[in-house]
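Q: What follows is a structure written as structure tokens; I'll ask about it next.
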Amino acid sequence: MLQAIGHILPIALAVAISSVPIMATIVILLSPKGTRTGLPFLIGWVLGMAVVVTLCTIGAQAIPAPRSDRREATAIAVAEILVGIALVVVAIVEWRRARRHPSDALPKWLATVDKLGPWSAFGIAFALNIRPKGLLLAIAAGLAIRAENLSAGESAIVIAIYTIIGALTVAVPVILTLADRKGMQPRLIELKGWVAHNSVTVTALILLLIGVVIIGAGLANL
């Protein structure tokens, strides 16, 4: 189980620093409805992450278990390589797009989340977990868990750790804002500007590194 935790930690970190949920959280918390919609958004994000990675882990069980003494089946290693390559491609595409069209403006859909009610905020947060980047990272986590042939209980613990780490960058601002909304306002405004200016580059770099790590893990187990 410790090996599985070690494998999912960098993947969970990539989820945590994903710019879209962070920016959505900031916009919601800065809105007049922030105290009403912040917590439903957090719940939707956490629940969606847990559900998606659980489904990916269950889906990975369809990969045949190794019949030899090797720790991972060749099929799992190949799947990891493919997911790693996909993450590298996504990272390169996003980085090139940001270089060609630099902008600090929010995407149109993101600029409207401050008008959401509690249930809409919950639904949006849940749906953010099925973005291509989110799905690729969840698949990578599911493969890492499957590779260690863990029991159901051990898998649940690893998934819980993955979810907690991945949700930190949404949970911390929400909790701090609920505790001290006025004191958090200037910090959220400053953070919003920084994320808008640097998020694409940082996210692309992290995805690139995580993709290379996953490719390396797959190659090592062929």
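Identifiers in the structure tokens: chain A, B, ... in order shown; residue index from 1 per chain; ligand index from 1 in order shown.
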Using only C-alpha atoms, which residues of stretch 126-149 of chain A come within 10 Å of stretch 197-211 of chain A, and what is the closest atom pair for each, with the distance in Å to one decimal? Give it as a tab-separated table, sorted by chain and residue number.

A:
residue	atom	partner	partner_atom	distance
A:Lys133	CA	A:Leu207	CA	8.6
A:Leu136	CA	A:Gly211	CA	9.8
A:Leu137	CA	A:Ile210	CA	9.0
A:Ala140	CA	A:Gly211	CA	9.3

Q: What does the file look like for those residues with N, CA, C and O atoms, as an mmCIF file, in the first residue's frame?

A:
data_model
loop_
_atom_site.group_PDB
_atom_site.id
_atom_site.type_symbol
_atom_site.label_atom_id
_atom_site.label_comp_id
_atom_site.auth_asym_id
_atom_site.auth_seq_id
_atom_site.Cartn_x
_atom_site.Cartn_y
_atom_site.Cartn_z
ATOM 1 N N LYS A 133 -8.012 16.610 -18.564
ATOM 2 C CA LYS A 133 -6.861 16.522 -17.656
ATOM 3 C C LYS A 133 -7.222 15.768 -16.384
ATOM 4 O O LYS A 133 -6.455 14.931 -15.907
ATOM 5 N N LEU A 136 -7.514 12.016 -17.130
ATOM 6 C CA LEU A 136 -6.210 11.383 -17.338
ATOM 7 C C LEU A 136 -5.492 11.156 -16.009
ATOM 8 O O LEU A 136 -4.895 10.097 -15.772
ATOM 9 N N LEU A 137 -5.558 12.150 -15.128
ATOM 10 C CA LEU A 137 -4.905 12.006 -13.826
ATOM 11 C C LEU A 137 -5.610 10.942 -12.987
ATOM 12 O O LEU A 137 -4.950 10.156 -12.285
ATOM 13 N N ALA A 140 -4.568 7.603 -14.289
ATOM 14 C CA ALA A 140 -3.211 7.298 -13.835
ATOM 15 C C ALA A 140 -3.210 6.828 -12.388
ATOM 16 O O ALA A 140 -2.505 5.875 -12.028
#

Q: What is the distance between atom CA of A:Trp45 and atom CA of A:Ala179, in Å to one decimal?

A: 19.7 Å

Q: Return as a PyMOL selection string the full set of residues in stretch 24-218 of chain A whose backbone-based DSSP assignment is helix (DSSP H, G or I).

A: chain A and resi 24-30+34-60+74-100+110-115+118-130+132-147+152-179+181-218

Q: Within 10 Å of A:Pro118, counting only C-alpha atoms, which residues show up once you throw out same-chain ones fewer than 6 positions away? Write them as a PDB file with all heavy atoms, in the first residue's frame, please.

A:
ATOM      1  N   LYS A  33     -22.477  35.748  -3.134  1.00  0.00           N
ATOM      2  CA  LYS A  33     -23.033  34.486  -2.631  1.00  0.00           C
ATOM      3  C   LYS A  33     -21.949  33.538  -2.125  1.00  0.00           C
ATOM      4  O   LYS A  33     -22.215  32.364  -1.882  1.00  0.00           O
ATOM      5  CB  LYS A  33     -23.816  33.785  -3.746  1.00  0.00           C
ATOM      6  CG  LYS A  33     -24.983  34.575  -4.298  1.00  0.00           C
ATOM      7  CD  LYS A  33     -25.660  33.790  -5.409  1.00  0.00           C
ATOM      8  CE  LYS A  33     -26.823  34.564  -6.004  1.00  0.00           C
ATOM      9  NZ  LYS A  33     -27.478  33.789  -7.116  1.00  0.00           N
ATOM     10  N   GLY A  34     -20.729  34.038  -1.961  1.00  0.00           N
ATOM     11  CA  GLY A  34     -19.597  33.172  -1.643  1.00  0.00           C
ATOM     12  C   GLY A  34     -19.782  32.305  -0.422  1.00  0.00           C
ATOM     13  O   GLY A  34     -19.423  31.127  -0.418  1.00  0.00           O
ATOM     14  N   THR A  35     -20.366  32.864   0.638  1.00  0.00           N
ATOM     15  CA  THR A  35     -20.544  32.072   1.858  1.00  0.00           C
ATOM     16  C   THR A  35     -21.607  30.999   1.696  1.00  0.00           C
ATOM     17  O   THR A  35     -21.606  30.010   2.442  1.00  0.00           O
ATOM     18  CB  THR A  35     -20.932  32.996   3.028  1.00  0.00           C
ATOM     19  OG1 THR A  35     -22.076  33.785   2.661  1.00  0.00           O
ATOM     20  CG2 THR A  35     -19.774  33.928   3.383  1.00  0.00           C
ATOM     21  N   ARG A  36     -22.509  31.174   0.721  1.00  0.00           N
ATOM     22  CA  ARG A  36     -23.563  30.180   0.499  1.00  0.00           C
ATOM     23  C   ARG A  36     -23.129  29.103  -0.489  1.00  0.00           C
ATOM     24  O   ARG A  36     -23.554  27.954  -0.376  1.00  0.00           O
ATOM     25  CB  ARG A  36     -24.832  30.856  -0.040  1.00  0.00           C
ATOM     26  CG  ARG A  36     -25.539  31.747   0.963  1.00  0.00           C
ATOM     27  CD  ARG A  36     -26.765  32.380   0.338  1.00  0.00           C
ATOM     28  NE  ARG A  36     -27.618  31.387  -0.303  1.00  0.00           N
ATOM     29  CZ  ARG A  36     -28.192  31.546  -1.483  1.00  0.00           C
ATOM     30  NH1 ARG A  36     -27.971  32.635  -2.195  1.00  0.00           N
ATOM     31  NH2 ARG A  36     -28.959  30.599  -1.982  1.00  0.00           N
ATOM     32  N   THR A  37     -22.312  29.475  -1.462  1.00  0.00           N
ATOM     33  CA  THR A  37     -21.967  28.532  -2.529  1.00  0.00           C
ATOM     34  C   THR A  37     -20.590  27.910  -2.369  1.00  0.00           C
ATOM     35  O   THR A  37     -20.290  26.908  -3.021  1.00  0.00           O
ATOM     36  CB  THR A  37     -22.030  29.239  -3.894  1.00  0.00           C
ATOM     37  OG1 THR A  37     -21.177  30.404  -3.859  1.00  0.00           O
ATOM     38  CG2 THR A  37     -23.449  29.677  -4.213  1.00  0.00           C
ATOM     39  N   GLY A  38     -19.731  28.486  -1.521  1.00  0.00           N
ATOM     40  CA  GLY A  38     -18.377  27.957  -1.362  1.00  0.00           C
ATOM     41  C   GLY A  38     -18.356  26.527  -0.852  1.00  0.00           C
ATOM     42  O   GLY A  38     -17.654  25.668  -1.404  1.00  0.00           O
ATOM     43  N   LEU A  39     -19.136  26.258   0.187  1.00  0.00           N
ATOM     44  CA  LEU A  39     -19.138  24.907   0.763  1.00  0.00           C
ATOM     45  C   LEU A  39     -19.744  23.875  -0.184  1.00  0.00           C
ATOM     46  O   LEU A  39     -19.170  22.785  -0.343  1.00  0.00           O
ATOM     47  CB  LEU A  39     -19.876  24.919   2.107  1.00  0.00           C
ATOM     48  CG  LEU A  39     -19.783  23.630   2.919  1.00  0.00           C
ATOM     49  CD1 LEU A  39     -18.328  23.262   3.216  1.00  0.00           C
ATOM     50  CD2 LEU A  39     -20.564  23.771   4.234  1.00  0.00           C
ATOM     51  N   PRO A  40     -20.894  24.141  -0.835  1.00  0.00           N
ATOM     52  CA  PRO A  40     -21.395  23.181  -1.831  1.00  0.00           C
ATOM     53  C   PRO A  40     -20.398  22.919  -2.955  1.00  0.00           C
ATOM     54  O   PRO A  40     -20.284  21.782  -3.435  1.00  0.00           O
ATOM     55  CB  PRO A  40     -22.665  23.851  -2.371  1.00  0.00           C
ATOM     56  CG  PRO A  40     -23.119  24.737  -1.266  1.00  0.00           C
ATOM     57  CD  PRO A  40     -21.854  25.230  -0.617  1.00  0.00           C
ATOM     58  N   PHE A  41     -19.661  23.960  -3.373  1.00  0.00           N
ATOM     59  CA  PHE A  41     -18.645  23.768  -4.407  1.00  0.00           C
ATOM     60  C   PHE A  41     -17.565  22.815  -3.908  1.00  0.00           C
ATOM     61  O   PHE A  41     -17.135  21.899  -4.636  1.00  0.00           O
ATOM     62  CB  PHE A  41     -18.027  25.112  -4.795  1.00  0.00           C
ATOM     63  CG  PHE A  41     -17.037  25.023  -5.926  1.00  0.00           C
ATOM     64  CD1 PHE A  41     -17.454  25.074  -7.241  1.00  0.00           C
ATOM     65  CD2 PHE A  41     -15.678  24.869  -5.678  1.00  0.00           C
ATOM     66  CE1 PHE A  41     -16.548  24.989  -8.293  1.00  0.00           C
ATOM     67  CE2 PHE A  41     -14.761  24.776  -6.707  1.00  0.00           C
ATOM     68  CZ  PHE A  41     -15.200  24.833  -8.022  1.00  0.00           C
TER      69      PHE A  41
END

Q: Can you pull out every residue within 8 Å of A:Val52, counting only C-alpha atoms, but drop anything in the same chain fewer than 6 positions away, and send it as a PyMOL selection string?

A: chain A and resi 129-130+135+138

Q: How would the residues just chosen look if you wrote them out with N, CA and C atoms as an mmCIF file, in the first residue's frame?

A:
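Done, and the output landed in again.cif:
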data_model
loop_
_atom_site.group_PDB
_atom_site.id
_atom_site.type_symbol
_atom_site.label_atom_id
_atom_site.label_comp_id
_atom_site.auth_asym_id
_atom_site.auth_seq_id
_atom_site.Cartn_x
_atom_site.Cartn_y
_atom_site.Cartn_z
ATOM 1 N N ASN A 129 -14.400 17.386 -12.548
ATOM 2 C CA ASN A 129 -13.553 16.198 -12.420
ATOM 3 C C ASN A 129 -13.537 15.345 -13.686
ATOM 4 N N ILE A 130 -14.419 15.623 -14.618
ATOM 5 C CA ILE A 130 -14.431 14.829 -15.844
ATOM 6 C C ILE A 130 -13.866 15.621 -17.027
ATOM 7 N N LEU A 135 -9.581 13.541 -15.955
ATOM 8 C CA LEU A 135 -9.779 12.123 -16.242
ATOM 9 C C LEU A 135 -8.449 11.395 -16.417
ATOM 10 N N ALA A 138 -6.936 10.895 -13.045
ATOM 11 C CA ALA A 138 -7.677 9.871 -12.299
ATOM 12 C C ALA A 138 -7.359 8.473 -12.833
#

Q: Using only C-alpha atoms, which protein or nucleic acid residues come within 12 Å of A:Val20? Drop anything in the same chain fewer than 2 positions from it, and give the result as a ChimeraX atom specification.

A: /A:15-18,22-27,45,106-107,109-111,113,124-125,127-129,131,133-134,169-170,192,195-196,199-200,203

Q: Convert the current residue selection to file output with C-alpha atoms, as a PDB file, in the first residue's frame.

A:
ATOM      1  CA  VAL A  15      -4.820  17.632  -9.342  1.00  0.00           C
ATOM      2  CA  ALA A  16      -4.358  20.049  -6.442  1.00  0.00           C
ATOM      3  CA  ILE A  17      -2.622  22.724  -8.518  1.00  0.00           C
ATOM      4  CA  SER A  18      -5.033  22.505 -11.447  1.00  0.00           C
ATOM      5  CA  ILE A  22      -8.683  26.966  -8.002  1.00  0.00           C
ATOM      6  CA  MET A  23      -9.835  29.919 -10.082  1.00  0.00           C
ATOM      7  CA  ALA A  24     -13.482  28.826  -9.879  1.00  0.00           C
ATOM      8  CA  THR A  25     -13.150  28.628  -6.104  1.00  0.00           C
ATOM      9  CA  ILE A  26     -11.683  32.131  -5.906  1.00  0.00           C
ATOM     10  CA  VAL A  27     -14.372  33.642  -8.162  1.00  0.00           C
ATOM     11  CA  TRP A  45     -15.298  18.848  -5.933  1.00  0.00           C
ATOM     12  CA  LEU A 106     -11.093  34.635 -17.341  1.00  0.00           C
ATOM     13  CA  PRO A 107     -12.766  32.130 -19.680  1.00  0.00           C
ATOM     14  CA  TRP A 109     -17.911  30.249 -18.504  1.00  0.00           C
ATOM     15  CA  LEU A 110     -15.661  30.824 -15.486  1.00  0.00           C
ATOM     16  CA  ALA A 111     -16.624  34.496 -15.326  1.00  0.00           C
ATOM     17  CA  VAL A 113     -19.720  31.075 -11.755  1.00  0.00           C
ATOM     18  CA  ILE A 124     -20.171  22.455 -11.632  1.00  0.00           C
ATOM     19  CA  ALA A 125     -17.564  21.302  -9.105  1.00  0.00           C
ATOM     20  CA  ALA A 127     -18.408  18.023 -13.395  1.00  0.00           C
ATOM     21  CA  LEU A 128     -14.940  19.622 -13.317  1.00  0.00           C
ATOM     22  CA  ASN A 129     -13.553  16.198 -12.420  1.00  0.00           C
ATOM     23  CA  ARG A 131     -12.353  17.363 -17.790  1.00  0.00           C
ATOM     24  CA  LYS A 133      -6.861  16.522 -17.656  1.00  0.00           C
ATOM     25  CA  GLY A 134      -8.812  15.407 -14.616  1.00  0.00           C
ATOM     26  CA  THR A 169      -6.216  23.930  -2.769  1.00  0.00           C
ATOM     27  CA  VAL A 170     -10.009  24.205  -2.908  1.00  0.00           C
ATOM     28  CA  LYS A 192      -6.763  35.564  -8.393  1.00  0.00           C
ATOM     29  CA  VAL A 195      -3.319  32.434 -10.877  1.00  0.00           C
ATOM     30  CA  ALA A 196      -4.736  34.212 -13.930  1.00  0.00           C
ATOM     31  CA  SER A 199      -1.608  29.195 -13.959  1.00  0.00           C
ATOM     32  CA  VAL A 200      -1.263  27.848 -17.512  1.00  0.00           C
ATOM     33  CA  THR A 203      -0.055  23.595 -14.781  1.00  0.00           C
TER      34      THR A 203
END

Q: Could you name the residues that touch A:Tyr162 at 10 Å or less, counting only C-alpha atoms, but leaving out those on the same chain fewer than 2 positions away, as a PyMOL selection string?

A: chain A and resi 5+8-13+15-16+49-50+53+138+141+156-160+164-167

Q: So that I have them on file, write out the residues from the current selection with N, CA and C atoms, as a PDB file, in the first residue's frame.

A:
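In the end it all went to again_37.pdb:
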ATOM      1  N   ILE A   5       0.700   4.542  -2.444  1.00  0.00           N
ATOM      2  CA  ILE A   5       0.606   5.919  -1.957  1.00  0.00           C
ATOM      3  C   ILE A   5       1.717   6.764  -2.570  1.00  0.00           C
ATOM      4  N   ILE A   8       0.743   7.651  -6.127  1.00  0.00           N
ATOM      5  CA  ILE A   8      -0.369   8.582  -6.364  1.00  0.00           C
ATOM      6  C   ILE A   8      -0.097   9.987  -5.816  1.00  0.00           C
ATOM      7  N   LEU A   9       0.906  10.149  -4.975  1.00  0.00           N
ATOM      8  CA  LEU A   9       1.171  11.462  -4.383  1.00  0.00           C
ATOM      9  C   LEU A   9       1.442  12.540  -5.445  1.00  0.00           C
ATOM     10  N   PRO A  10       2.364  12.308  -6.403  1.00  0.00           N
ATOM     11  CA  PRO A  10       2.583  13.357  -7.415  1.00  0.00           C
ATOM     12  C   PRO A  10       1.363  13.581  -8.302  1.00  0.00           C
ATOM     13  N   ILE A  11       0.584  12.535  -8.540  1.00  0.00           N
ATOM     14  CA  ILE A  11      -0.630  12.688  -9.344  1.00  0.00           C
ATOM     15  C   ILE A  11      -1.641  13.551  -8.599  1.00  0.00           C
ATOM     16  N   ALA A  12      -1.796  13.292  -7.294  1.00  0.00           N
ATOM     17  CA  ALA A  12      -2.708  14.098  -6.476  1.00  0.00           C
ATOM     18  C   ALA A  12      -2.246  15.553  -6.418  1.00  0.00           C
ATOM     19  N   LEU A  13      -0.938  15.763  -6.388  1.00  0.00           N
ATOM     20  CA  LEU A  13      -0.403  17.129  -6.386  1.00  0.00           C
ATOM     21  C   LEU A  13      -0.769  17.844  -7.684  1.00  0.00           C
ATOM     22  N   VAL A  15      -3.394  17.293  -9.469  1.00  0.00           N
ATOM     23  CA  VAL A  15      -4.820  17.632  -9.342  1.00  0.00           C
ATOM     24  C   VAL A  15      -4.983  18.883  -8.487  1.00  0.00           C
ATOM     25  N   ALA A  16      -4.222  18.943  -7.395  1.00  0.00           N
ATOM     26  CA  ALA A  16      -4.358  20.049  -6.442  1.00  0.00           C
ATOM     27  C   ALA A  16      -4.025  21.397  -7.074  1.00  0.00           C
ATOM     28  N   MET A  49     -14.232  14.016  -7.245  1.00  0.00           N
ATOM     29  CA  MET A  49     -12.887  13.444  -7.339  1.00  0.00           C
ATOM     30  C   MET A  49     -12.865  12.005  -6.840  1.00  0.00           C
ATOM     31  N   ALA A  50     -13.513  11.774  -5.683  1.00  0.00           N
ATOM     32  CA  ALA A  50     -13.536  10.436  -5.112  1.00  0.00           C
ATOM     33  C   ALA A  50     -14.268   9.452  -6.024  1.00  0.00           C
ATOM     34  N   VAL A  53     -12.082   8.774  -9.405  1.00  0.00           N
ATOM     35  CA  VAL A  53     -10.897   7.927  -9.211  1.00  0.00           C
ATOM     36  C   VAL A  53     -11.305   6.518  -8.769  1.00  0.00           C
ATOM     37  N   ALA A 138      -6.936  10.895 -13.045  1.00  0.00           N
ATOM     38  CA  ALA A 138      -7.677   9.871 -12.299  1.00  0.00           C
ATOM     39  C   ALA A 138      -7.359   8.473 -12.833  1.00  0.00           C
ATOM     40  N   ALA A 141      -4.013   7.479 -11.542  1.00  0.00           N
ATOM     41  CA  ALA A 141      -4.110   7.065 -10.143  1.00  0.00           C
ATOM     42  C   ALA A 141      -4.727   5.673 -10.031  1.00  0.00           C
ATOM     43  N   ALA A 156      -9.326   1.779  -0.754  1.00  0.00           N
ATOM     44  CA  ALA A 156     -10.140   2.881  -0.232  1.00  0.00           C
ATOM     45  C   ALA A 156      -9.271   3.892   0.515  1.00  0.00           C
ATOM     46  N   ILE A 157      -8.295   3.412   1.266  1.00  0.00           N
ATOM     47  CA  ILE A 157      -7.396   4.307   2.002  1.00  0.00           C
ATOM     48  C   ILE A 157      -6.567   5.144   1.030  1.00  0.00           C
ATOM     49  N   VAL A 158      -6.023   4.501  -0.002  1.00  0.00           N
ATOM     50  CA  VAL A 158      -5.214   5.224  -0.990  1.00  0.00           C
ATOM     51  C   VAL A 158      -6.064   6.258  -1.728  1.00  0.00           C
ATOM     52  N   ILE A 159      -7.290   5.884  -2.084  1.00  0.00           N
ATOM     53  CA  ILE A 159      -8.193   6.823  -2.760  1.00  0.00           C
ATOM     54  C   ILE A 159      -8.507   8.005  -1.854  1.00  0.00           C
ATOM     55  N   ALA A 160      -8.706   7.737  -0.557  1.00  0.00           N
ATOM     56  CA  ALA A 160      -8.991   8.815   0.394  1.00  0.00           C
ATOM     57  C   ALA A 160      -7.806   9.783   0.473  1.00  0.00           C
ATOM     58  N   ILE A 164      -7.955  13.727  -0.552  1.00  0.00           N
ATOM     59  CA  ILE A 164      -7.637  14.776   0.422  1.00  0.00           C
ATOM     60  C   ILE A 164      -6.565  15.716  -0.127  1.00  0.00           C
ATOM     61  N   ILE A 165      -5.498  15.140  -0.677  1.00  0.00           N
ATOM     62  CA  ILE A 165      -4.416  15.971  -1.208  1.00  0.00           C
ATOM     63  C   ILE A 165      -4.905  16.784  -2.404  1.00  0.00           C
ATOM     64  N   GLY A 166      -5.637  16.137  -3.295  1.00  0.00           N
ATOM     65  CA  GLY A 166      -6.128  16.821  -4.486  1.00  0.00           C
ATOM     66  C   GLY A 166      -7.104  17.944  -4.181  1.00  0.00           C
ATOM     67  N   ALA A 167      -7.798  17.854  -3.045  1.00  0.00           N
ATOM     68  CA  ALA A 167      -8.819  18.846  -2.702  1.00  0.00           C
ATOM     69  C   ALA A 167      -8.287  19.994  -1.857  1.00  0.00           C
TER      70      ALA A 167
END
